[in-house]
>>> print(open('run.txt').read())   # compact mmCIF, C-alpha atoms (C1' of nucleotides)
# COMPACT_ATOMS: atom_id res chain seq x y z
CA MET A 182 102.25 64.14 128.76
CA MET A 183 100.74 66.43 126.21
CA ILE A 184 97.39 64.79 126.58
CA GLU A 185 96.94 66.68 129.83
CA ARG A 186 96.89 70.02 128.08
CA ALA A 187 94.68 68.83 125.26
CA LEU A 188 92.02 67.57 127.59
CA THR A 189 92.05 70.56 129.83
CA ARG A 190 91.55 72.83 126.90
CA ALA A 191 88.69 70.76 125.60
CA THR A 192 86.85 70.41 128.84
CA TYR A 193 87.16 73.98 129.99
CA LEU A 194 85.99 75.29 126.67
CA SER A 195 82.96 73.12 126.47
CA GLY A 196 81.80 73.79 129.99
CA ARG A 197 81.20 77.46 129.23
CA ALA A 198 77.68 78.74 129.43
CA ARG A 199 78.04 80.24 125.99
CA GLN A 200 78.30 76.87 124.36
CA HIS A 201 75.16 75.85 126.10
CA GLU A 202 73.30 78.90 124.94
CA ARG A 203 74.29 78.22 121.40
CA LEU A 204 72.91 74.75 121.73
CA MET A 205 69.62 75.92 123.19
CA ALA A 206 69.26 78.50 120.48
CA LEU A 207 69.82 75.86 117.83
CA SER A 208 67.41 73.42 119.34
CA GLY A 209 64.84 76.01 120.33
CA LEU A 210 64.39 74.59 123.81
CA PRO A 211 64.56 76.43 127.12
CA LEU A 212 66.52 73.94 129.19
CA ASP A 213 69.42 74.71 131.41
CA ARG A 214 72.66 72.81 131.39
CA ALA A 215 71.94 70.57 134.32
CA ALA A 216 68.58 69.59 132.90
CA VAL A 217 70.14 68.62 129.60
CA ALA A 218 72.64 66.40 131.34
CA VAL A 219 69.86 64.55 133.12
CA LEU A 220 67.74 64.34 129.99
CA ARG A 221 70.64 62.86 128.11
CA GLN A 222 71.40 60.25 130.70
CA LEU A 223 67.78 59.18 130.85
CA ALA A 224 67.53 58.98 127.10
CA GLU A 225 70.58 56.80 126.89
CA SER A 226 69.53 54.14 129.34
CA GLU A 227 66.61 52.17 130.62
CA PRO A 228 64.50 53.87 133.31
CA LEU A 229 66.69 54.60 136.28
CA ARG A 230 66.26 55.02 139.97
CA LEU A 231 67.17 58.39 141.28
CA GLY A 232 70.23 57.24 143.12
CA GLU A 233 71.52 55.36 140.10
CA LEU A 234 71.00 58.43 137.97
CA ALA A 235 73.03 60.49 140.41
CA ALA A 236 75.79 57.91 140.41
CA ARG A 237 76.01 57.84 136.63
CA LEU A 238 76.25 61.59 136.45
CA SER A 239 78.68 61.71 139.37
CA VAL A 240 76.63 64.25 141.26
CA GLU A 241 74.83 64.26 144.59
CA ALA A 242 71.36 62.77 144.78
CA SER A 243 69.93 66.03 146.05
CA HIS A 244 70.86 67.77 142.86
CA VAL A 245 69.20 65.06 140.81
CA THR A 246 66.06 65.29 142.89
CA ARG A 247 65.66 68.91 141.95
CA GLN A 248 66.51 68.45 138.30
CA VAL A 249 64.03 65.63 137.95
CA GLN A 250 61.35 67.71 139.64
CA HIS A 251 62.05 70.35 137.07
CA LEU A 252 61.82 67.93 134.16
CA GLU A 253 58.56 66.63 135.57
CA ARG A 254 57.10 70.11 135.75
CA VAL A 255 57.85 70.75 132.11
CA GLY A 256 56.48 67.36 131.17
CA TYR A 257 59.66 65.66 130.01
CA ALA A 258 60.00 63.03 132.72
CA SER A 259 57.77 61.00 134.96
CA ARG A 260 58.29 58.84 138.00
CA VAL A 261 56.87 55.53 138.98
CA PRO A 262 57.42 53.87 142.32
CA ASP A 263 60.00 51.13 142.11
CA PRO A 264 58.11 47.83 142.44
CA ASP A 265 61.01 46.15 144.22
CA ASP A 266 61.71 48.80 146.82
CA ARG A 267 59.07 51.12 148.10
CA ARG A 268 61.63 53.71 149.13
CA ALA A 269 62.76 54.21 145.57
CA GLN A 270 61.37 55.73 142.41
CA GLN A 271 62.06 55.02 138.79
CA VAL A 272 62.48 57.93 136.45
CA ARG A 273 61.73 57.69 132.77
CA LEU A 274 61.28 60.09 129.92
CA THR A 275 57.87 60.92 128.57
CA PRO A 276 57.39 60.93 124.80
CA ALA A 277 57.75 64.70 124.95
CA GLY A 278 61.03 64.20 126.77
CA GLU A 279 62.28 61.79 124.14
CA GLU A 280 61.44 64.23 121.48
CA ALA A 281 63.14 67.10 123.28
CA PHE A 282 66.26 65.05 123.64
CA ALA A 283 66.22 64.17 119.97
CA ARG A 284 66.20 67.86 119.19
CA VAL A 285 69.06 68.56 121.55
CA ARG A 286 71.10 65.79 120.09
CA GLU A 287 70.38 66.86 116.57
CA ALA A 288 71.34 70.46 117.29
CA SER A 289 74.48 69.34 119.00
CA ALA A 290 75.51 67.06 116.18
CA ARG A 291 74.79 69.77 113.64
CA GLY A 292 77.12 72.16 115.43
CA MET A 293 79.83 69.56 115.48
CA GLN A 294 79.42 68.73 111.86
CA VAL A 295 80.03 72.32 110.96
CA ALA A 296 83.12 72.58 113.12
CA LEU A 297 84.54 69.23 112.10
CA ALA A 298 83.49 69.40 108.49
CA ASP A 299 86.80 68.44 107.03
CA TRP A 300 87.57 65.46 109.19
CA SER A 301 87.46 62.11 107.50
CA PRO A 302 84.91 59.56 108.75
CA GLU A 303 87.78 57.42 109.88
CA GLU A 304 89.24 60.19 112.01
CA LEU A 305 85.89 60.92 113.59
CA ARG A 306 85.39 57.31 114.39
CA GLN A 307 88.82 57.11 115.92
CA LEU A 308 88.36 60.20 118.04
CA ALA A 309 85.01 58.99 119.33
CA SER A 310 86.30 55.59 120.22
CA LEU A 311 89.40 56.88 121.99
CA VAL A 312 87.37 59.38 123.97
CA HIS A 313 84.80 56.81 125.02
CA ARG A 314 87.50 54.52 126.18
CA MET A 315 89.19 57.30 128.07
CA VAL A 316 86.02 58.24 129.90
CA ASP A 317 85.44 54.63 130.84
CA ASP A 318 88.94 54.42 132.22
CA PHE A 319 88.47 57.58 134.27
CA ILE A 320 85.24 56.36 135.73
CA GLY A 321 86.85 53.04 136.43
CA ARG A 322 89.64 54.65 138.34
CA ALA A 323 87.26 56.81 140.34
CA GLU A 324 85.31 53.73 141.36
CA ALA A 325 88.42 51.77 142.18
CA GLU A 326 89.48 54.41 144.65
CA LEU A 327 86.53 54.05 146.98
CA MET B 139 77.45 60.88 114.94
CA MET B 140 78.66 58.98 117.94
CA ILE B 141 81.32 61.53 118.61
CA GLU B 142 78.62 63.77 120.01
CA ARG B 143 77.91 61.39 122.82
CA ALA B 144 81.54 60.70 123.57
CA LEU B 145 82.36 64.35 123.95
CA THR B 146 79.38 65.16 126.04
CA ARG B 147 80.25 62.42 128.45
CA ALA B 148 83.83 63.55 128.71
CA THR B 149 83.11 67.18 129.24
CA TYR B 150 80.32 66.74 131.73
CA LEU B 151 82.37 64.36 133.80
CA SER B 152 85.41 66.55 133.95
CA GLY B 153 83.51 69.63 134.99
CA ARG B 154 82.48 68.05 138.26
CA ALA B 155 83.71 69.62 141.42
CA ARG B 156 84.88 66.24 142.62
CA GLN B 157 87.47 65.99 139.91
CA HIS B 158 88.77 69.35 140.91
CA GLU B 159 89.00 68.43 144.56
CA ARG B 160 90.98 65.37 143.70
CA LEU B 161 93.37 67.53 141.76
CA MET B 162 93.79 70.02 144.56
CA ALA B 163 94.37 67.25 147.04
CA LEU B 164 97.07 65.78 144.81
CA SER B 165 98.79 69.06 144.23
CA GLY B 166 98.36 70.33 147.77
CA LEU B 167 97.18 73.75 146.66
CA PRO B 168 94.05 75.60 147.75
CA LEU B 169 92.90 76.99 144.42
CA ASP B 170 89.41 76.90 143.07
CA ARG B 171 88.52 75.78 139.58
CA ALA B 172 88.28 79.20 138.06
CA ALA B 173 91.64 80.22 139.46
CA VAL B 174 93.28 77.17 137.97
CA ALA B 175 91.88 77.96 134.56
CA VAL B 176 93.33 81.46 134.68
CA LEU B 177 96.64 80.23 136.04
CA ARG B 178 96.88 77.74 133.24
CA GLN B 179 96.14 80.23 130.54
CA LEU B 180 98.73 82.63 131.90
CA ALA B 181 101.32 79.91 132.16
CA GLU B 182 100.78 78.89 128.57
CA SER B 183 101.20 82.26 126.95
CA GLU B 184 103.10 85.49 127.08
CA PRO B 185 101.80 88.12 129.54
CA LEU B 186 98.26 89.01 128.56
CA ARG B 187 96.02 91.98 128.92
CA LEU B 188 92.93 91.36 130.95
CA GLY B 189 90.59 91.57 128.01
CA GLU B 190 92.66 89.19 125.96
CA LEU B 191 92.73 86.76 128.83
CA ALA B 192 88.96 86.88 129.06
CA ALA B 193 88.67 86.29 125.32
CA ARG B 194 90.93 83.26 125.40
CA LEU B 195 88.98 81.73 128.24
CA SER B 196 85.67 82.64 126.64
CA VAL B 197 84.37 84.35 129.74
CA GLU B 198 83.36 87.89 130.62
CA ALA B 199 86.04 90.36 131.58
CA SER B 200 84.43 91.04 134.92
CA HIS B 201 84.96 87.47 135.95
CA VAL B 202 88.61 87.64 134.98
CA THR B 203 89.06 90.84 136.95
CA ARG B 204 88.04 89.06 140.11
CA GLN B 205 90.04 85.94 139.45
CA VAL B 206 93.17 87.94 138.77
CA GLN B 207 92.64 89.95 141.94
CA HIS B 208 92.48 86.68 143.77
CA LEU B 209 95.67 85.36 142.19
CA GLU B 210 97.38 88.62 143.07
CA ARG B 211 96.34 88.36 146.70
CA VAL B 212 97.84 84.91 146.99
CA GLY B 213 100.98 86.07 145.21
CA TYR B 214 100.70 84.06 142.02
CA ALA B 215 100.15 86.88 139.56
CA SER B 216 101.10 90.50 139.17
CA ARG B 217 100.00 93.32 136.94
CA VAL B 218 101.94 95.95 135.14
CA PRO B 219 100.39 98.84 133.30
CA ASP B 220 100.40 98.27 129.57
CA PRO B 221 103.04 100.62 128.16
CA ASP B 222 101.07 101.09 124.94
CA ASP B 223 97.69 101.86 126.44
CA ARG B 224 97.27 103.40 129.82
CA ARG B 225 93.78 102.02 130.20
CA ALA B 226 95.05 98.46 130.09
CA GLN B 227 97.05 96.17 132.31
CA GLN B 228 99.24 93.24 131.56
CA VAL B 229 98.95 90.21 133.77
CA ARG B 230 101.84 87.84 134.28
CA LEU B 231 102.64 85.03 136.65
CA THR B 232 105.09 85.51 139.48
CA PRO B 233 107.70 82.83 140.05
CA ALA B 234 105.46 81.48 142.79
CA GLY B 235 102.66 81.33 140.25
CA GLU B 236 104.80 79.44 137.77
CA GLU B 237 105.71 76.98 140.42
CA ALA B 238 102.11 76.53 141.52
CA PHE B 239 101.10 75.83 137.97
CA ALA B 240 103.85 73.30 137.58
CA ARG B 241 102.47 71.46 140.57
CA VAL B 242 98.95 71.54 139.21
CA ARG B 243 100.09 70.22 135.90
CA GLU B 244 102.16 67.52 137.46
CA ALA B 245 99.30 66.39 139.69
CA SER B 246 96.96 66.37 136.76
CA ALA B 247 99.29 64.36 134.60
CA ARG B 248 99.86 61.91 137.41
CA GLY B 249 96.14 61.33 137.76
CA MET B 250 95.85 60.70 134.09
CA GLN B 251 98.75 58.31 134.04
CA VAL B 252 97.05 56.20 136.66
CA ALA B 253 93.75 56.16 134.81
CA LEU B 254 95.28 55.58 131.41
CA ALA B 255 97.99 53.25 132.58
CA ASP B 256 97.41 50.58 130.00
CA TRP B 257 97.23 52.76 126.94
CA SER B 258 100.08 52.46 124.52
CA PRO B 259 102.19 55.55 123.92
CA GLU B 260 100.95 55.57 120.38
CA GLU B 261 97.33 55.66 121.47
CA LEU B 262 97.99 58.48 123.89
CA ARG B 263 99.72 60.45 121.23
CA GLN B 264 96.87 59.88 118.86
CA LEU B 265 94.24 60.92 121.35
CA ALA B 266 96.10 64.08 122.26
CA SER B 267 96.61 65.09 118.70
CA LEU B 268 93.01 64.47 117.68
CA VAL B 269 91.71 66.38 120.68
CA HIS B 270 93.99 69.35 120.07
CA ARG B 271 92.89 69.50 116.49
CA MET B 272 89.27 69.28 117.48
CA VAL B 273 89.55 72.13 119.95
CA ASP B 274 91.26 74.27 117.35
CA ASP B 275 88.45 73.57 114.94
CA PHE B 276 85.82 74.49 117.49
CA ILE B 277 87.54 77.72 118.36
CA GLY B 278 87.90 78.45 114.68
CA ARG B 279 84.22 78.01 114.10
CA ALA B 280 83.30 80.17 117.10
CA GLU B 281 85.48 82.97 115.76
CA ALA B 282 84.17 82.61 112.25
CA GLU B 283 80.65 83.18 113.48
CA LEU B 284 81.19 86.67 114.80
C1' DC C 291 87.21 120.67 122.96
C1' DG C 292 82.81 117.34 122.79
C1' DG C 293 81.27 112.95 121.90
C1' DC C 294 81.93 107.95 121.04
C1' DT C 295 84.61 103.85 122.08
C1' DT C 296 87.52 100.76 124.91
C1' DA C 297 89.55 98.59 129.23
C1' DC C 298 88.57 97.56 133.34
C1' DT C 299 85.97 97.59 137.91
C1' DT C 300 82.10 97.00 141.09
C1' DG C 301 77.59 95.41 142.36
C1' DA C 302 73.79 92.46 142.04
C1' DG C 303 71.58 88.30 140.42
C1' DT C 304 71.40 83.33 138.70
C1' DT C 305 72.58 78.48 138.41
C1' DA C 306 75.02 74.24 139.45
C1' DG C 307 76.04 71.56 142.84
C1' DG C 308 77.77 70.23 147.60
C1' DC C 309 76.72 69.17 152.59
C1' DA C 310 73.73 68.26 156.51
C1' DA C 311 69.49 66.96 158.63
C1' DG C 312 65.16 64.59 158.29
C1' DC C 313 61.64 61.00 157.10
C1' DA C 314 60.24 56.62 155.34
C1' DT C 315 61.37 52.14 154.23
C1' DG C 316 64.22 48.01 154.37
C1' DT C 317 67.20 44.50 156.80
C1' DA C 318 69.66 41.89 160.59
C1' DG C 319 70.65 40.32 165.20
C1' DG C 320 68.94 39.05 169.58
C1' DC D 104 58.93 40.99 166.52
C1' DC D 105 61.66 44.80 168.07
C1' DT D 106 65.43 47.50 168.25
C1' DA D 107 69.20 49.30 165.64
C1' DC D 108 71.40 50.55 161.80
C1' DA D 109 71.54 51.23 156.59
C1' DT D 110 69.30 53.21 152.15
C1' DG D 111 66.70 56.24 149.11
C1' DC D 112 65.00 60.41 148.64
C1' DT D 113 63.78 65.24 149.95
C1' DT D 114 64.46 69.88 151.79
C1' DG D 115 67.14 73.72 153.39
C1' DC D 116 71.14 76.28 153.25
C1' DC D 117 75.66 77.54 151.43
C1' DT D 118 79.34 78.47 148.02
C1' DA D 119 81.52 78.89 143.43
C1' DA D 120 81.37 80.45 138.85
C1' DC D 121 79.62 82.99 136.13
C1' DT D 122 76.61 86.84 133.60
C1' DC D 123 74.65 91.45 132.97
C1' DA D 124 74.30 96.31 133.92
C1' DA D 125 76.18 100.57 135.38
C1' DG D 126 80.19 103.31 136.39
C1' DT D 127 85.02 105.43 135.74
C1' DA D 128 89.23 106.41 133.38
C1' DA D 129 91.70 106.77 129.30
C1' DG D 130 92.15 106.97 124.18
C1' DC D 131 90.54 108.52 119.59
C1' DC D 132 88.20 111.46 116.03
C1' DG D 133 85.94 115.31 114.09
>>> encode(input="run.txt", output="structure tokens")
Amino acid sequence: MMIERALTRATYLSGRARQHERLMALSGLPLDRAAVAVLRQLAESEPLRLGELAARLSVEASHVTRQVQHLERVGYASRVPDPDDRRAQQVRLTPAGEEAFARVREASARGMQVALADWSPEELRQLASLVHRMVDDFIGRAEAEL
Amino acid sequence: MMIERALTRATYLSGRARQHERLMALSGLPLDRAAVAVLRQLAESEPLRLGELAARLSVEASHVTRQVQHLERVGYASRVPDPDDRRAQQVRLTPAGEEAFARVREASARGMQVALADWSPEELRQLASLVHRMVDDFIGRAEAEL
DNA sequence: CGGCTTACTTGAGTTAGGCAAGCATGTAGG
DNA sequence: CCTACATGCTTGCCTAACTCAAGTAAGCCG
């Protein structure tokens, strides 16, 4: 199963702090890795409750609490009480948050374009679709095991 | 560039501690994430000097020093002075280390087989080959930028 | 030899993230 | 409706995985 080695290489490499620093330098934003992950998830979905956000990122709620507090302090996210459940809060991005995410995404895509410059559009499409499907399958398995 | 999103999802997910715990439970070994990364790199190459090992993992040498000390204490790695340079040391796996890595790899592959059970062999092959190529291209770019 | 570089080590600090305990709200059974 | 248990979030505290800075030993160059 050579896929095992391929994925391990990819994921270890990209988790390095250095990659993140490159990204922040490119985008000109002072966000840490965890904050970017939250920002991204919020940008890619409707407003989410805290618990749901934690579930989608596969991390503990306590971690998300702190990251969201951070994003609030820098003005990228805001919370509104959930109308259906007074225990819960909905988190959404502010316009500034949307804009910050756009810059992150743009910087990230730019880096990839450089690295993958001589891939054909078809190959890129294929890679993206296989990877998406793989992630879905992994998440599916994780959920099935509960 | 939808590939950007696919990769970010994949890499964030796989970095989670939970994934690692699952792996350790499957393999029955008490190694932490960093140790596994070093073990893997050593298993996949000839004996390496400490600095070279750090370079291949894209981490600081000081981190590698500590990880290797750890692997030595549990009997998975050993060092020999580099014959060509008395400042340096070569790190290699012991037989116990080789065996431990084999178990990690097997556990990891098993997990993937479950998750990706209904992929065709052709799709798996394709994914692996695209991912390998992508990682090579990323490493190539990182080196080119020095 | 004297001075600069390289390979590694050690120490201290930061960040991501888990776990446990606590508080407020919701929900069901008697 | 009241007691009892479940949820959603927060806070505090701990560990792992690094990084950066300073130190030592060995090599290299005039």
>>> closest_atom_pairs(input="run.txt", of="chain B", to="chain C", cutoff="8 Å", atoms="only C-alpha atoms (C1' of nucleotides)", output="tab-separated table")
residue	atom	partner	partner_atom	distance
B:Leu188	CA	C:DC298	C1'	7.9
B:Gly189	CA	C:DA297	C1'	7.2
B:Ala199	CA	C:DC298	C1'	7.8
B:Ser200	CA	C:DT299	C1'	7.4
B:Thr203	CA	C:DT299	C1'	7.5
B:Arg225	CA	C:DA297	C1'	5.5
B:Ala226	CA	C:DA297	C1'	5.6
>>> interface_residues(input="run.txt", of="chain B", to="chain A", cutoff="7 Å", atoms="only C-alpha atoms", output="count of residues only")
23
>>> atom_distance(input="run.txt", atom1="CA of Thr232 (chain B)", atom2="CA of Tyr214 (chain B)")
5.3 Å
>>> closest_residue(input="run.txt", among="A:Pro211, A:Glu202, A:Ala224, A:Ser301", to="Glu280 (chain A)", atoms="all atoms listed in the file")
A:Ala224
>>> residues_around(input="run.txt", residues="Ala234 (chain B)", least_positions_apart="2", cutoff="12 Å", atoms="only C-alpha atoms (C1' of nucleotides)", output="PDB file with C-alpha atoms, in the coordinates of the input")
ATOM      1  CA  LEU B 167      97.180  73.750 146.660  1.00  0.00           C
ATOM      2  CA  LEU B 177      96.640  80.230 136.040  1.00  0.00           C
ATOM      3  CA  ALA B 181     101.320  79.910 132.160  1.00  0.00           C
ATOM      4  CA  LEU B 209      95.670  85.360 142.190  1.00  0.00           C
ATOM      5  CA  GLU B 210      97.380  88.620 143.070  1.00  0.00           C
ATOM      6  CA  VAL B 212      97.840  84.910 146.990  1.00  0.00           C
ATOM      7  CA  GLY B 213     100.980  86.070 145.210  1.00  0.00           C
ATOM      8  CA  TYR B 214     100.700  84.060 142.020  1.00  0.00           C
ATOM      9  CA  ALA B 215     100.150  86.880 139.560  1.00  0.00           C
ATOM     10  CA  SER B 216     101.100  90.500 139.170  1.00  0.00           C
ATOM     11  CA  ARG B 230     101.840  87.840 134.280  1.00  0.00           C
ATOM     12  CA  LEU B 231     102.640  85.030 136.650  1.00  0.00           C
ATOM     13  CA  THR B 232     105.090  85.510 139.480  1.00  0.00           C
ATOM     14  CA  GLU B 236     104.800  79.440 137.770  1.00  0.00           C
ATOM     15  CA  GLU B 237     105.710  76.980 140.420  1.00  0.00           C
ATOM     16  CA  ALA B 238     102.110  76.530 141.520  1.00  0.00           C
ATOM     17  CA  PHE B 239     101.100  75.830 137.970  1.00  0.00           C
ATOM     18  CA  ALA B 240     103.850  73.300 137.580  1.00  0.00           C
ATOM     19  CA  ARG B 241     102.470  71.460 140.570  1.00  0.00           C
TER      20      ARG B 241
END
>>> atom_distance(input="run.txt", atom1="C1' of DT127 (chain D)", atom2="CA of Val176 (chain B)")
25.4 Å
>>> atom_distance(input="run.txt", atom1="C1' of DC123 (chain D)", atom2="CA of Arg247 (chain A)")
25.9 Å
>>> interface_residues(input="run.txt", of="chain D", to="chain B", cutoff="8 Å", atoms="only C-alpha atoms (C1' of nucleotides)", output="number ranges by chain")
D: 120-122, 128-130
>>> write_last_selection(input="run.txt", atoms="C-alpha atoms (C1' of nucleotides)", output="PDB file, keeping the file's coordinate frame")
ATOM      1  C1'  DA D 120      81.370  80.450 138.850  1.00  0.00           C
ATOM      2  C1'  DC D 121      79.620  82.990 136.130  1.00  0.00           C
ATOM      3  C1'  DT D 122      76.610  86.840 133.600  1.00  0.00           C
ATOM      4  C1'  DA D 128      89.230 106.410 133.380  1.00  0.00           C
ATOM      5  C1'  DA D 129      91.700 106.770 129.300  1.00  0.00           C
ATOM      6  C1'  DG D 130      92.150 106.970 124.180  1.00  0.00           C
TER       7       DG D 130
END
>>> axis_aligned_box(input="run.txt", around="region 291-299 of chain C", padding_each_side="4 Å", output="JSON")
{"center_x": 85.4, "center_y": 109.1, "center_z": 129.5, "size_x": 16.3, "size_y": 31.1, "size_z": 24.9}
>>> build_atoms(input="run.txt", residues="region 164-181 of chain B", atoms="N, CA, C and O atoms", output="compact mmCIF listing (two decimals), in the frame of the given file")
# COMPACT_ATOMS: atom_id res chain seq x y z
N LEU B 164 95.80 66.30 145.34
CA LEU B 164 97.07 65.78 144.81
C LEU B 164 98.16 66.83 144.79
O LEU B 164 99.30 66.57 145.09
N SER B 165 97.77 68.04 144.41
CA SER B 165 98.79 69.06 144.23
C SER B 165 99.06 69.80 145.54
O SER B 165 100.04 70.52 145.66
N GLY B 166 98.16 69.66 146.50
CA GLY B 166 98.36 70.33 147.77
C GLY B 166 98.15 71.83 147.74
O GLY B 166 98.64 72.55 148.59
N LEU B 167 97.41 72.31 146.76
CA LEU B 167 97.18 73.75 146.66
C LEU B 167 95.71 74.07 146.91
O LEU B 167 94.84 73.28 146.57
N PRO B 168 95.43 75.24 147.45
CA PRO B 168 94.05 75.60 147.75
C PRO B 168 93.49 76.54 146.70
O PRO B 168 93.13 77.67 147.01
N LEU B 169 93.41 76.11 145.47
CA LEU B 169 92.90 76.99 144.42
C LEU B 169 91.55 76.49 143.94
O LEU B 169 91.32 75.29 143.86
N ASP B 170 90.68 77.39 143.60
CA ASP B 170 89.41 76.90 143.07
C ASP B 170 89.50 76.74 141.55
O ASP B 170 90.47 77.11 140.92
N ARG B 171 88.46 76.16 140.99
CA ARG B 171 88.52 75.78 139.58
C ARG B 171 88.81 76.96 138.67
O ARG B 171 89.64 76.89 137.77
N ALA B 172 88.11 78.05 138.93
CA ALA B 172 88.28 79.20 138.06
C ALA B 172 89.71 79.72 138.12
O ALA B 172 90.30 80.09 137.11
N ALA B 173 90.28 79.73 139.30
CA ALA B 173 91.64 80.22 139.46
C ALA B 173 92.61 79.34 138.68
O ALA B 173 93.55 79.84 138.04
N VAL B 174 92.40 78.06 138.70
CA VAL B 174 93.28 77.17 137.97
C VAL B 174 93.21 77.44 136.48
O VAL B 174 94.22 77.46 135.79
N ALA B 175 92.02 77.70 135.99
CA ALA B 175 91.88 77.96 134.56
C ALA B 175 92.68 79.21 134.17
O ALA B 175 93.36 79.22 133.14
N VAL B 176 92.61 80.23 134.98
CA VAL B 176 93.33 81.46 134.68
C VAL B 176 94.84 81.22 134.77
O VAL B 176 95.61 81.60 133.89
N LEU B 177 95.23 80.56 135.84
CA LEU B 177 96.64 80.23 136.04
C LEU B 177 97.19 79.50 134.83
O LEU B 177 98.24 79.82 134.29
N ARG B 178 96.45 78.54 134.37
CA ARG B 178 96.88 77.74 133.24
C ARG B 178 97.04 78.58 131.98
O ARG B 178 98.05 78.51 131.29
N GLN B 179 96.06 79.41 131.74
CA GLN B 179 96.14 80.23 130.54
C GLN B 179 97.34 81.17 130.59
O GLN B 179 98.03 81.36 129.60
N LEU B 180 97.58 81.73 131.76
CA LEU B 180 98.73 82.63 131.90
C LEU B 180 100.03 81.88 131.72
O LEU B 180 100.98 82.38 131.10
N ALA B 181 100.08 80.68 132.25
CA ALA B 181 101.32 79.91 132.16
C ALA B 181 101.62 79.50 130.73
O ALA B 181 102.76 79.33 130.35
